[in-house]
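Text of the file protein_30.cif, holding mmCIF, C-alpha atoms:
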data_upload
#
loop_
_atom_site.label_atom_id
_atom_site.label_comp_id
_atom_site.auth_asym_id
_atom_site.auth_seq_id
_atom_site.Cartn_x
_atom_site.Cartn_y
_atom_site.Cartn_z
CA MET C 1 0.00 0.00 0.00
CA ALA C 2 1.43 3.30 -1.04
CA SER C 3 1.35 6.17 1.46
CA SER C 4 2.48 9.76 1.75
CA PHE C 5 2.94 12.18 4.68
CA LEU C 6 2.53 15.93 4.62
CA LEU C 7 3.02 18.58 7.37
CA SER C 8 1.21 21.77 6.48
CA SER C 9 1.21 25.27 7.93
CA THR C 10 -0.62 28.48 7.02
CA THR C 11 1.83 29.22 4.23
CA SER C 12 1.47 27.92 0.67
CA PHE C 13 3.19 24.75 -0.44
CA PRO C 14 6.34 25.08 -2.52
CA SER C 15 5.78 24.88 -6.23
CA ASN C 16 7.48 21.49 -6.56
CA HIS C 17 4.83 19.96 -4.31
CA HIS C 18 2.13 21.07 -6.69
CA SER C 19 3.59 18.99 -9.48
CA SER C 20 2.92 15.71 -7.68
CA PRO C 21 -0.58 14.36 -8.37
CA SER C 22 -0.61 12.35 -5.12
CA LEU C 23 -0.08 15.35 -2.80
CA PRO C 24 -2.61 17.99 -1.74
CA THR C 25 -2.63 21.43 -3.30
CA ARG C 26 -3.54 24.22 -0.94
CA THR C 27 -4.78 27.78 -1.08
CA ALA C 28 -5.28 30.14 1.86
CA ASN C 29 -8.70 28.70 2.59
CA SER C 30 -8.77 25.12 1.35
CA ILE C 31 -6.81 21.99 0.48
CA SER C 32 -7.58 19.90 -2.59
CA ILE C 33 -6.67 16.21 -2.53
CA ARG C 34 -6.19 14.75 -6.01
CA LEU C 35 -7.72 11.29 -6.11
CA ASN C 36 -6.88 10.53 -9.72
CA PRO C 37 -6.34 12.54 -12.88
CA LYS C 38 -10.11 12.92 -13.35
CA GLN C 39 -11.33 13.50 -9.80
CA THR C 40 -10.59 16.13 -7.16
CA ARG C 41 -12.20 16.39 -3.73
CA PRO C 42 -12.03 19.77 -1.92
CA PHE C 43 -10.81 19.53 1.67
CA HIS C 44 -11.59 22.70 3.61
CA ASN C 45 -9.26 23.58 6.46
CA LYS C 46 -11.13 25.68 9.02
CA PHE C 47 -8.11 25.71 11.34
CA ASN C 48 -5.98 28.00 9.16
CA SER C 49 -4.19 29.55 12.12
CA SER C 50 -2.76 26.31 13.53
CA PRO C 51 -0.48 23.55 12.17
CA THR C 52 -2.24 20.49 10.77
CA ILE C 53 -0.85 17.03 10.16
CA LEU C 54 -2.46 15.23 7.25
CA PHE C 55 -1.99 11.50 6.75
CA LEU C 56 -2.95 10.28 3.32
CA LEU C 57 -3.15 6.50 3.04
CA SER C 58 -4.15 5.18 -0.36
CA SER C 59 -4.58 1.75 -1.93
CA PRO C 60 -6.36 0.72 -5.15
CA PRO C 61 -9.18 1.03 -5.89
CA GLY C 62 -9.83 3.64 -3.19
CA PHE C 63 -8.18 5.28 -0.23
CA ASP C 64 -8.74 6.21 3.39
CA LEU C 65 -8.16 9.71 4.65
CA VAL C 66 -7.40 10.38 8.29
CA ARG C 67 -7.01 13.95 9.42
CA THR C 68 -5.47 14.71 12.78
CA SER C 69 -5.30 18.23 14.12
CA ILE C 70 -2.63 19.29 16.61
CA ARG C 71 -3.83 22.34 18.47
CA ASP C 72 -3.13 24.13 21.68
CA ALA C 73 -5.11 22.60 24.57
CA ASP C 74 -7.03 25.80 25.23
CA ALA C 75 -7.96 26.16 21.59
CA GLU C 76 -9.65 22.76 21.62
CA THR C 77 -12.65 24.33 23.37
CA GLU C 78 -12.70 27.52 21.36
CA GLN C 79 -15.31 28.02 18.65
CA ASP C 80 -14.17 30.37 15.93
CA SER C 81 -16.57 33.32 15.81
CA SER C 82 -16.27 33.37 12.04
CA LEU C 83 -18.22 30.11 11.95
CA LEU C 84 -21.30 31.73 13.52
CA VAL C 85 -24.25 32.08 11.19
CA GLY C 86 -26.58 33.61 13.80
CA GLU C 87 -26.42 37.01 15.45
CA ASP C 88 -24.38 38.10 18.44
CA SER C 89 -27.02 38.38 21.15
CA ALA C 90 -27.15 41.28 23.59
CA ALA C 91 -24.62 43.28 21.59
CA PHE C 92 -24.91 46.95 22.51
CA GLU C 93 -22.61 49.70 21.26
CA LEU C 94 -23.16 53.00 23.01
CA GLY C 95 -21.57 54.89 20.14
CA GLN C 96 -24.16 53.52 17.72
CA GLN C 97 -27.14 54.66 19.78
CA LYS C 98 -29.17 57.70 18.74
CA LEU C 99 -30.57 59.98 21.39
CA SER C 100 -33.60 60.63 19.21
CA SER C 101 -34.40 56.89 19.10
CA TRP C 102 -34.46 56.63 22.89
CA LEU C 103 -36.55 59.79 23.13
CA TYR C 104 -39.06 58.19 20.76
CA PHE C 105 -38.92 55.03 22.87
CA SER C 106 -39.71 57.00 26.05
CA VAL C 107 -42.63 58.78 24.39
CA ILE C 108 -44.01 55.52 22.98
CA LEU C 109 -43.65 53.75 26.35
CA GLY C 110 -45.45 56.56 28.16
CA THR C 111 -48.23 56.59 25.58
CA VAL C 112 -48.67 52.82 25.74
CA LEU C 113 -48.89 52.84 29.55
CA PHE C 114 -51.43 55.68 29.47
CA VAL C 115 -53.64 53.96 26.89
CA LEU C 116 -53.30 50.64 28.74
CA ASN C 117 -54.48 52.22 31.96
CA VAL C 118 -57.46 53.99 30.40
CA ALA C 119 -58.57 51.27 28.00
CA TRP C 120 -57.90 48.21 30.14
CA ILE C 121 -56.73 48.65 33.74
CA ASP C 122 -59.00 51.41 35.07
CA ASN C 123 -62.20 49.67 36.15
CA SER C 124 -64.30 52.74 35.31
CA THR C 125 -63.17 52.98 31.70
CA GLY C 126 -61.30 49.79 30.79
CA PHE C 127 -62.29 46.31 29.71
CA GLY C 128 -59.93 44.31 31.90
CA LYS C 129 -62.39 43.66 34.70
CA ALA C 130 -65.10 42.81 32.19
CA LEU C 131 -62.91 40.05 30.76
CA VAL C 132 -62.16 38.61 34.20
CA ASP C 133 -65.85 38.73 35.16
CA ALA C 134 -66.84 37.01 31.90
CA VAL C 135 -64.32 34.21 32.40
CA SER C 136 -65.34 33.84 36.05
CA THR C 137 -68.90 33.02 34.98
CA VAL C 138 -67.55 29.84 33.37
CA SER C 139 -66.41 28.45 36.70
CA GLY C 140 -66.16 29.49 40.31
CA SER C 141 -62.80 27.75 40.58
CA HIS C 142 -59.82 30.07 40.64
CA GLU C 143 -57.72 27.29 39.14
CA VAL C 144 -60.04 26.99 36.12
CA VAL C 145 -60.22 30.77 35.63
CA MET C 146 -56.41 30.95 35.85
CA LEU C 147 -56.03 28.29 33.17
CA ILE C 148 -58.61 29.93 30.89
CA LEU C 149 -56.87 33.31 31.11
CA ILE C 150 -53.53 31.71 30.27
CA PHE C 151 -55.14 29.81 27.39
CA ILE C 152 -56.63 33.00 25.94
CA PHE C 153 -53.29 34.79 26.18
CA ALA C 154 -51.42 31.83 24.70
CA CYS C 155 -53.75 31.53 21.71
CA VAL C 156 -53.55 35.23 20.90
CA HIS C 157 -49.82 35.57 21.54
CA SER C 158 -48.69 32.43 19.69
CA GLY C 159 -51.33 32.86 17.02
CA LEU C 160 -50.19 36.36 16.12
CA ALA C 161 -46.57 35.22 16.23
CA SER C 162 -47.38 32.44 13.77
CA LEU C 163 -49.09 34.90 11.43
CA ARG C 164 -46.20 37.33 11.60
CA ASP C 165 -44.77 36.73 8.13
CA SER C 166 -48.13 37.19 6.42
CA GLY C 167 -49.11 40.11 8.63
CA GLU C 168 -45.87 41.99 8.06
CA LYS C 169 -46.25 41.62 4.31
CA PHE C 170 -49.76 43.01 4.53
CA ILE C 171 -49.36 45.97 6.92
CA GLY C 172 -45.59 46.25 7.48
CA GLU C 173 -43.21 45.27 10.28
CA ARG C 174 -43.83 48.23 12.60
CA ALA C 175 -47.60 48.21 12.26
CA TYR C 176 -47.74 44.49 12.95
CA ARG C 177 -45.57 44.90 16.04
CA VAL C 178 -47.96 47.56 17.33
CA LEU C 179 -50.90 45.21 16.70
CA PHE C 180 -49.10 42.30 18.34
CA ALA C 181 -48.17 44.27 21.45
CA GLY C 182 -51.48 46.11 21.62
CA VAL C 183 -53.42 42.84 21.87
CA SER C 184 -50.93 40.71 23.85
CA LEU C 185 -49.99 43.24 26.55
CA PRO C 186 -53.47 43.75 28.05
CA LEU C 187 -54.07 40.00 28.19
CA ALA C 188 -50.69 39.46 29.86
CA VAL C 189 -51.47 42.14 32.46
CA THR C 190 -54.83 40.53 33.20
CA THR C 191 -53.25 37.12 33.70
CA VAL C 192 -50.49 38.45 35.97
CA VAL C 193 -52.87 40.55 38.07
CA TYR C 194 -55.30 37.65 38.52
CA PHE C 195 -52.46 35.41 39.65
CA ILE C 196 -51.19 37.97 42.17
CA ASN C 197 -54.66 38.52 43.59
CA HIS C 198 -55.58 34.83 43.90
CA ARG C 199 -52.25 33.07 44.42
CA TYR C 200 -53.19 32.11 48.00
CA ASP C 201 -56.84 31.22 47.29
CA GLY C 202 -56.28 27.62 46.28
CA VAL C 203 -56.02 24.43 48.29
CA GLN C 204 -52.83 24.45 50.36
CA LEU C 205 -50.82 21.33 49.53
CA TRP C 206 -47.59 22.01 51.41
CA GLN C 207 -46.02 24.79 53.46
CA LEU C 208 -42.26 25.15 53.18
CA GLN C 209 -41.81 28.90 53.68
CA SER C 210 -40.44 28.44 57.17
CA THR C 211 -38.03 25.69 56.12
CA PRO C 212 -34.38 26.83 56.44
CA GLY C 213 -32.79 27.59 53.08
CA ILE C 214 -36.02 27.53 51.05
CA HIS C 215 -36.27 31.32 50.78
CA GLU C 216 -32.69 31.57 49.56
CA LEU C 217 -33.19 28.69 47.07
CA VAL C 218 -36.37 30.23 45.67
CA TRP C 219 -34.80 33.69 45.46
CA ILE C 220 -31.74 32.46 43.56
CA CYS C 221 -33.89 30.39 41.19
CA ASN C 222 -36.13 33.38 40.48
CA PHE C 223 -33.18 35.70 39.97
CA ILE C 224 -31.50 33.39 37.46
CA SER C 225 -34.78 32.75 35.65
CA PHE C 226 -35.00 36.37 34.53
CA PHE C 227 -31.74 36.07 32.59
CA PHE C 228 -33.48 33.39 30.55
CA LEU C 229 -36.95 34.94 30.45
CA TYR C 230 -36.29 38.18 28.66
CA PRO C 231 -34.13 37.83 25.55
CA SER C 232 -36.43 40.45 23.97
CA THR C 233 -34.48 43.05 25.92
CA PHE C 234 -31.63 42.45 23.48
CA ASN C 235 -33.20 45.28 21.46
CA LEU C 236 -35.82 47.34 23.27
CA LEU C 237 -36.06 49.72 20.33
CA GLU C 238 -37.48 46.89 18.22
CA VAL C 239 -39.93 45.96 20.98
CA ALA C 240 -41.35 49.48 20.77
CA ALA C 241 -41.11 49.47 16.93
CA VAL C 242 -38.70 52.40 16.95
CA ASP C 243 -36.31 50.18 15.02
CA LYS C 244 -37.82 47.90 12.39
CA PRO C 245 -38.69 44.62 14.17
CA LYS C 246 -36.90 41.45 13.05
CA LEU C 247 -37.19 37.76 13.75
CA HIS C 248 -33.68 37.21 15.08
CA LEU C 249 -31.53 34.12 14.87
CA TRP C 250 -29.42 34.58 18.00
CA GLU C 251 -26.43 32.32 18.57
CA THR C 252 -24.24 33.65 21.39
CA GLY C 253 -24.66 34.41 25.07
CA ILE C 254 -27.57 32.62 26.71
CA ILE C 255 -28.34 30.82 23.42
CA ARG C 256 -25.17 28.77 23.84
CA ILE C 257 -26.72 27.33 27.00
CA THR C 258 -30.19 26.76 25.58
CA ARG C 259 -31.80 27.65 22.27
CA HIS C 260 -35.08 28.46 24.06
CA PRO C 261 -34.18 30.57 27.10
CA GLN C 262 -37.71 31.86 27.66
CA MET C 263 -39.01 28.33 28.15
CA VAL C 264 -36.21 27.49 30.57
CA GLY C 265 -36.71 30.74 32.49
CA GLN C 266 -40.46 30.16 32.72
CA VAL C 267 -39.96 26.63 34.06
CA MET C 268 -37.53 27.94 36.69
CA TRP C 269 -39.92 30.74 37.69
CA CYS C 270 -42.87 28.35 37.95
CA LEU C 271 -40.95 25.78 40.00
CA ALA C 272 -39.70 28.45 42.40
CA HIS C 273 -43.16 29.96 42.96
CA THR C 274 -44.81 26.56 43.24
CA ILE C 275 -42.33 25.44 45.89
CA TRP C 276 -42.78 28.71 47.81
CA ILE C 277 -46.59 29.04 47.66
CA GLY C 278 -47.46 25.35 47.48
CA ASN C 279 -51.14 25.47 46.53
CA SER C 280 -53.45 24.45 43.71
CA VAL C 281 -53.73 27.89 42.07
CA THR C 282 -49.97 28.12 41.67
CA ILE C 283 -49.82 24.61 40.26
CA ALA C 284 -52.57 25.46 37.75
CA ALA C 285 -50.75 28.63 36.69
CA SER C 286 -47.47 26.74 36.36
CA ILE C 287 -49.04 23.99 34.24
CA GLY C 288 -50.59 26.55 31.90
CA LEU C 289 -47.48 28.68 31.53
CA ILE C 290 -45.10 25.75 31.03
CA ALA C 291 -47.44 24.15 28.47
CA HIS C 292 -47.56 27.43 26.54
CA HIS C 293 -43.78 27.73 26.48
CA LEU C 294 -43.29 24.10 25.46
CA PHE C 295 -45.54 24.80 22.49
CA GLY C 296 -43.41 27.87 21.88
CA VAL C 297 -40.33 25.66 21.58
CA TRP C 298 -41.86 23.78 18.67
CA ASN C 299 -43.46 26.86 17.12
CA GLY C 300 -40.34 28.97 17.50
CA ASP C 301 -38.13 26.38 15.80
CA ARG C 302 -40.69 26.02 13.03
CA ARG C 303 -40.77 29.76 12.37
CA LEU C 304 -36.99 30.11 12.44
CA ALA C 305 -36.63 27.16 10.07
CA LEU C 306 -39.04 28.79 7.62
CA ARG C 307 -37.27 32.14 7.83
CA TYR C 308 -33.60 31.09 7.93
CA GLY C 309 -33.55 27.59 6.42
CA GLU C 310 -30.08 26.03 6.41
CA ASP C 311 -28.62 28.69 8.73
CA PHE C 312 -31.14 27.72 11.41
CA GLU C 313 -30.33 24.04 10.93
CA LEU C 314 -26.66 24.86 11.59
CA VAL C 315 -27.54 26.77 14.77
CA LYS C 316 -29.94 24.03 15.83
CA GLY C 317 -27.21 21.44 15.36
CA ARG C 318 -24.84 23.15 17.81
CA THR C 319 -27.40 24.29 20.39
CA SER C 320 -29.93 22.47 22.52
CA VAL C 321 -33.34 22.92 24.10
CA VAL C 322 -32.22 21.28 27.35
CA PRO C 323 -29.76 23.63 29.10
CA PHE C 324 -26.07 22.70 28.68
CA ALA C 325 -26.87 19.54 26.66
CA ALA C 326 -25.06 20.75 23.52
CA ILE C 327 -22.08 21.84 25.62
CA ILE C 328 -21.85 18.50 27.41
CA ASP C 329 -22.03 16.39 24.26
CA GLY C 330 -19.50 18.60 22.47
CA ARG C 331 -21.72 20.18 19.82
CA GLN C 332 -21.28 23.63 21.39
CA LYS C 333 -17.70 24.79 21.88
CA LEU C 334 -17.52 27.65 24.35
CA PRO C 335 -14.86 30.29 23.65
CA LYS C 336 -12.37 31.03 26.43
CA ASP C 337 -13.92 34.47 26.99
CA PHE C 338 -17.51 33.18 27.00
CA TYR C 339 -18.25 35.12 30.17
CA LYS C 340 -17.75 38.40 28.29
CA GLU C 341 -20.90 37.70 26.29
CA PHE C 342 -22.84 38.37 29.50
CA ILE C 343 -21.01 41.55 30.55
CA ARG C 344 -23.22 43.68 28.34
CA VAL C 345 -25.76 46.43 28.86
CA PRO C 346 -28.91 44.30 28.28
CA TYR C 347 -27.85 41.77 30.93
CA LEU C 348 -26.94 44.57 33.33
CA ALA C 349 -30.40 46.05 32.71
CA ILE C 350 -32.01 42.68 33.47
CA THR C 351 -30.03 42.48 36.71
CA ALA C 352 -31.21 45.94 37.80
CA LEU C 353 -34.83 45.32 36.83
CA THR C 354 -34.89 41.91 38.54
CA LEU C 355 -33.59 43.35 41.80
CA GLY C 356 -36.01 46.25 41.46
CA ALA C 357 -38.94 43.91 40.89
CA TYR C 358 -38.02 41.90 43.99
CA PHE C 359 -37.97 44.94 46.25
CA ALA C 360 -41.10 46.31 44.54
CA HIS C 361 -43.16 43.17 45.27
CA PRO C 362 -45.21 44.89 48.03
CA LEU C 363 -46.05 47.76 45.66
CA MET C 364 -47.00 45.36 42.86
CA GLN C 365 -49.26 43.40 45.18
CA ALA C 366 -50.93 46.54 46.54
CA ALA C 367 -51.54 47.82 43.01
CA SER C 368 -53.06 44.50 41.92
CA PHE C 369 -55.43 44.38 44.90
CA ARG C 370 -56.86 47.76 43.84
CA PHE C 371 -58.18 46.27 40.60
CA HIS C 372 -60.49 43.75 42.34
CA TRP C 373 -60.03 41.29 39.48
#
Kindly return the structure encoded in the file as structure tokens.
Amino acid sequence: MASSFLLSSTTSFPSNHHSSPSLPTRTANSISIRLNPKQTRPFHNKFNSSPTILFLLSSPPGFDLVRTSIRDADAETEQDSSLLVGEDSAAFELGQQKLSSWLYFSVILGTVLFVLNVAWIDNSTGFGKALVDAVSTVSGSHEVVMLILIFIFACVHSGLASLRDSGEKFIGERAYRVLFAGVSLPLAVTTVVYFINHRYDGVQLWQLQSTPGIHELVWICNFISFFFLYPSTFNLLEVAAVDKPKLHLWETGIIRITRHPQMVGQVMWCLAHTIWIGNSVTIAASIGLIAHHLFGVWNGDRRLALRYGEDFELVKGRTSVVPFAAIIDGRQKLPKDFYKEFIRVPYLAITALTLGAYFAHPLMQAASFRFHW
């Protein structure tokens, strides 16, 4: 059996090597291995910056090719950013921000909150209480009402998300975002307020609040869940339709851990609150919310596959739904400076808002009680 051995580096091969039909020919980006005078198979070398040992073993009528890469130990776990086909999540460049855009955002946010209060929250003018009263006529069970409210929100939210492509073609990206938010936000507020007001009205199944360590466990679980729950904060200007909204294919940051961070964050939030409160209303709310987000896993992948095609399949292949699964089985290679993908403004904003929400719990509860929903 004939064989040949070649040690390659990032430089080109000498011209006399190119004259041999049994040896590879190499450019800056690829290596071609000549099989016979009529056949050439391209061999792409994605490790251009490191030495590569190629063993070419051939015997008629075919050959076997074994490629062994010698790399620095640290580089074994490093994924070249040039291979990314998705977007860099949570990227925020202060120099690229426009003051006018954030002024528009503030005006839009204030307008939305005002309209939401008048048209939905205020019992004298809004329709929020009417919806809760209508659903309550179906059943006197708080668990059933909780599940119905979640079901209504889930159908509207996921339904409008599924119709996004068609809707944006018909009325435009910004107008569809306004429609989506204008319908989803009131229903979300209703569901949250009803849960706050009736979270202790169910059948008590266990009581662990006085158990040592439970408060700390629940607090940490809740805190971490918010880093998964709100990837939409990666671009608040799109949420408010100041920037043209896009269906993003994120690939870095939290996406390296799980491709569906909102589902993971919702499961963590539900488990923490269920452990802490321990009654039937909380269990009903958790079942409804988790079921909605599990559907969102399937629906989200379906929509991304339709929009991005092969690029999504590449991202899907090196990420996972279950947290850390792709990292453990080697499909996701974390760069050495992976932690830097979290030291960004959106994640700092989530940290501040999460801490603020924790300390504002008494205010949130008092405000909800005023609605009498």
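Comparing C:His260, C:Lys169, C:Arg174, C:His142 by their smallest distance to Phe295 (chain C), the closest is C:His260 (using all atoms listed in the file).
Considering the residues C:Leu247, C:Leu94, C:Val115, C:Val156 and counting only C-alpha atoms, His292 (chain C) has its shortest atom-to-atom contact with C:Val156.
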Evaluate the PyMOL selection byres ((chain C and resi 301-304) around 10) against this structure - the residues, as a VMD selection string, please. chain C and resid 161 to 165 247 to 249 259 to 260 296 to 300 305 to 309 311 to 313 316
Selection under test: the PyMOL selection byres ((chain C and resi 188) around 12); residues as a JSON list (two decimals) with C-alpha atoms, in the coordinates of the input:
[["chain", "number", "residue", "atom", "x", "y", "z"],
["C", 116, "LEU", "CA", -53.30, 50.64, 28.74],
["C", 120, "TRP", "CA", -57.90, 48.21, 30.14],
["C", 121, "ILE", "CA", -56.73, 48.65, 33.74],
["C", 128, "GLY", "CA", -59.93, 44.31, 31.90],
["C", 146, "MET", "CA", -56.41, 30.95, 35.85],
["C", 149, "LEU", "CA", -56.87, 33.31, 31.11],
["C", 150, "ILE", "CA", -53.53, 31.71, 30.27],
["C", 151, "PHE", "CA", -55.14, 29.81, 27.39],
["C", 152, "ILE", "CA", -56.63, 33.00, 25.94],
["C", 153, "PHE", "CA", -53.29, 34.79, 26.18],
["C", 154, "ALA", "CA", -51.42, 31.83, 24.70],
["C", 155, "CYS", "CA", -53.75, 31.53, 21.71],
["C", 156, "VAL", "CA", -53.55, 35.23, 20.90],
["C", 157, "HIS", "CA", -49.82, 35.57, 21.54],
["C", 180, "PHE", "CA", -49.10, 42.30, 18.34],
["C", 181, "ALA", "CA", -48.17, 44.27, 21.45],
["C", 182, "GLY", "CA", -51.48, 46.11, 21.62],
["C", 183, "VAL", "CA", -53.42, 42.84, 21.87],
["C", 184, "SER", "CA", -50.93, 40.71, 23.85],
["C", 185, "LEU", "CA", -49.99, 43.24, 26.55],
["C", 186, "PRO", "CA", -53.47, 43.75, 28.05],
["C", 187, "LEU", "CA", -54.07, 40.00, 28.19],
["C", 189, "VAL", "CA", -51.47, 42.14, 32.46],
["C", 190, "THR", "CA", -54.83, 40.53, 33.20],
["C", 191, "THR", "CA", -53.25, 37.12, 33.70],
["C", 192, "VAL", "CA", -50.49, 38.45, 35.97],
["C", 193, "VAL", "CA", -52.87, 40.55, 38.07],
["C", 194, "TYR", "CA", -55.30, 37.65, 38.52],
["C", 195, "PHE", "CA", -52.46, 35.41, 39.65],
["C", 289, "LEU", "CA", -47.48, 28.68, 31.53]]
Students should find that CA of Ile287 (chain C) and CA of Leu147 (chain C) are spaced 8.3 Å
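Between CA of Ile196 (chain C) and CA of Gln262 (chain C) the separation is 20.7 Å.
You will find CA of Trp250 (chain C) at 29.0 Å from CA of Ala285 (chain C).
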Residues near region 273-281 of chain C, cut-off 12 Å, all atoms listed in the file, skip fewer than 3 positions along chain, as a PyMOL selection string: chain C and resi 141-147+194-211+213-223+225+266-270+284-288
Applied to the shown file, which residues does the PyMOL selection byres ((chain C and resi 89) around 12) return, written as a VMD selection string? chain C and resid 84 86 to 88 90 to 92 230 to 235 248 to 256 259 340 to 347
Skipping near chain neighbours, those fewer than 3 positions away, what residues fall within 10 Å of Val242 (chain C) using all atoms listed in the file, listed as a PyMOL selection string? chain C and resi 100-105+108+174+236-239+245
Per-residue nearest contacts of region 89-140 of chain C to region 348-371 of chain C (9 Å; all atoms listed in the file) as JSON lines:
{"residue": "C:Ile121", "atom": "CA", "partner": "C:Phe371", "partner_atom": "CA", "distance": 7.4}
{"residue": "C:Asp122", "atom": "CA", "partner": "C:Phe371", "partner_atom": "CA", "distance": 7.6}
{"residue": "C:Asn123", "atom": "CA", "partner": "C:Phe371", "partner_atom": "CA", "distance": 6.9}
{"residue": "C:Lys129", "atom": "CA", "partner": "C:Phe371", "partner_atom": "CA", "distance": 7.7}
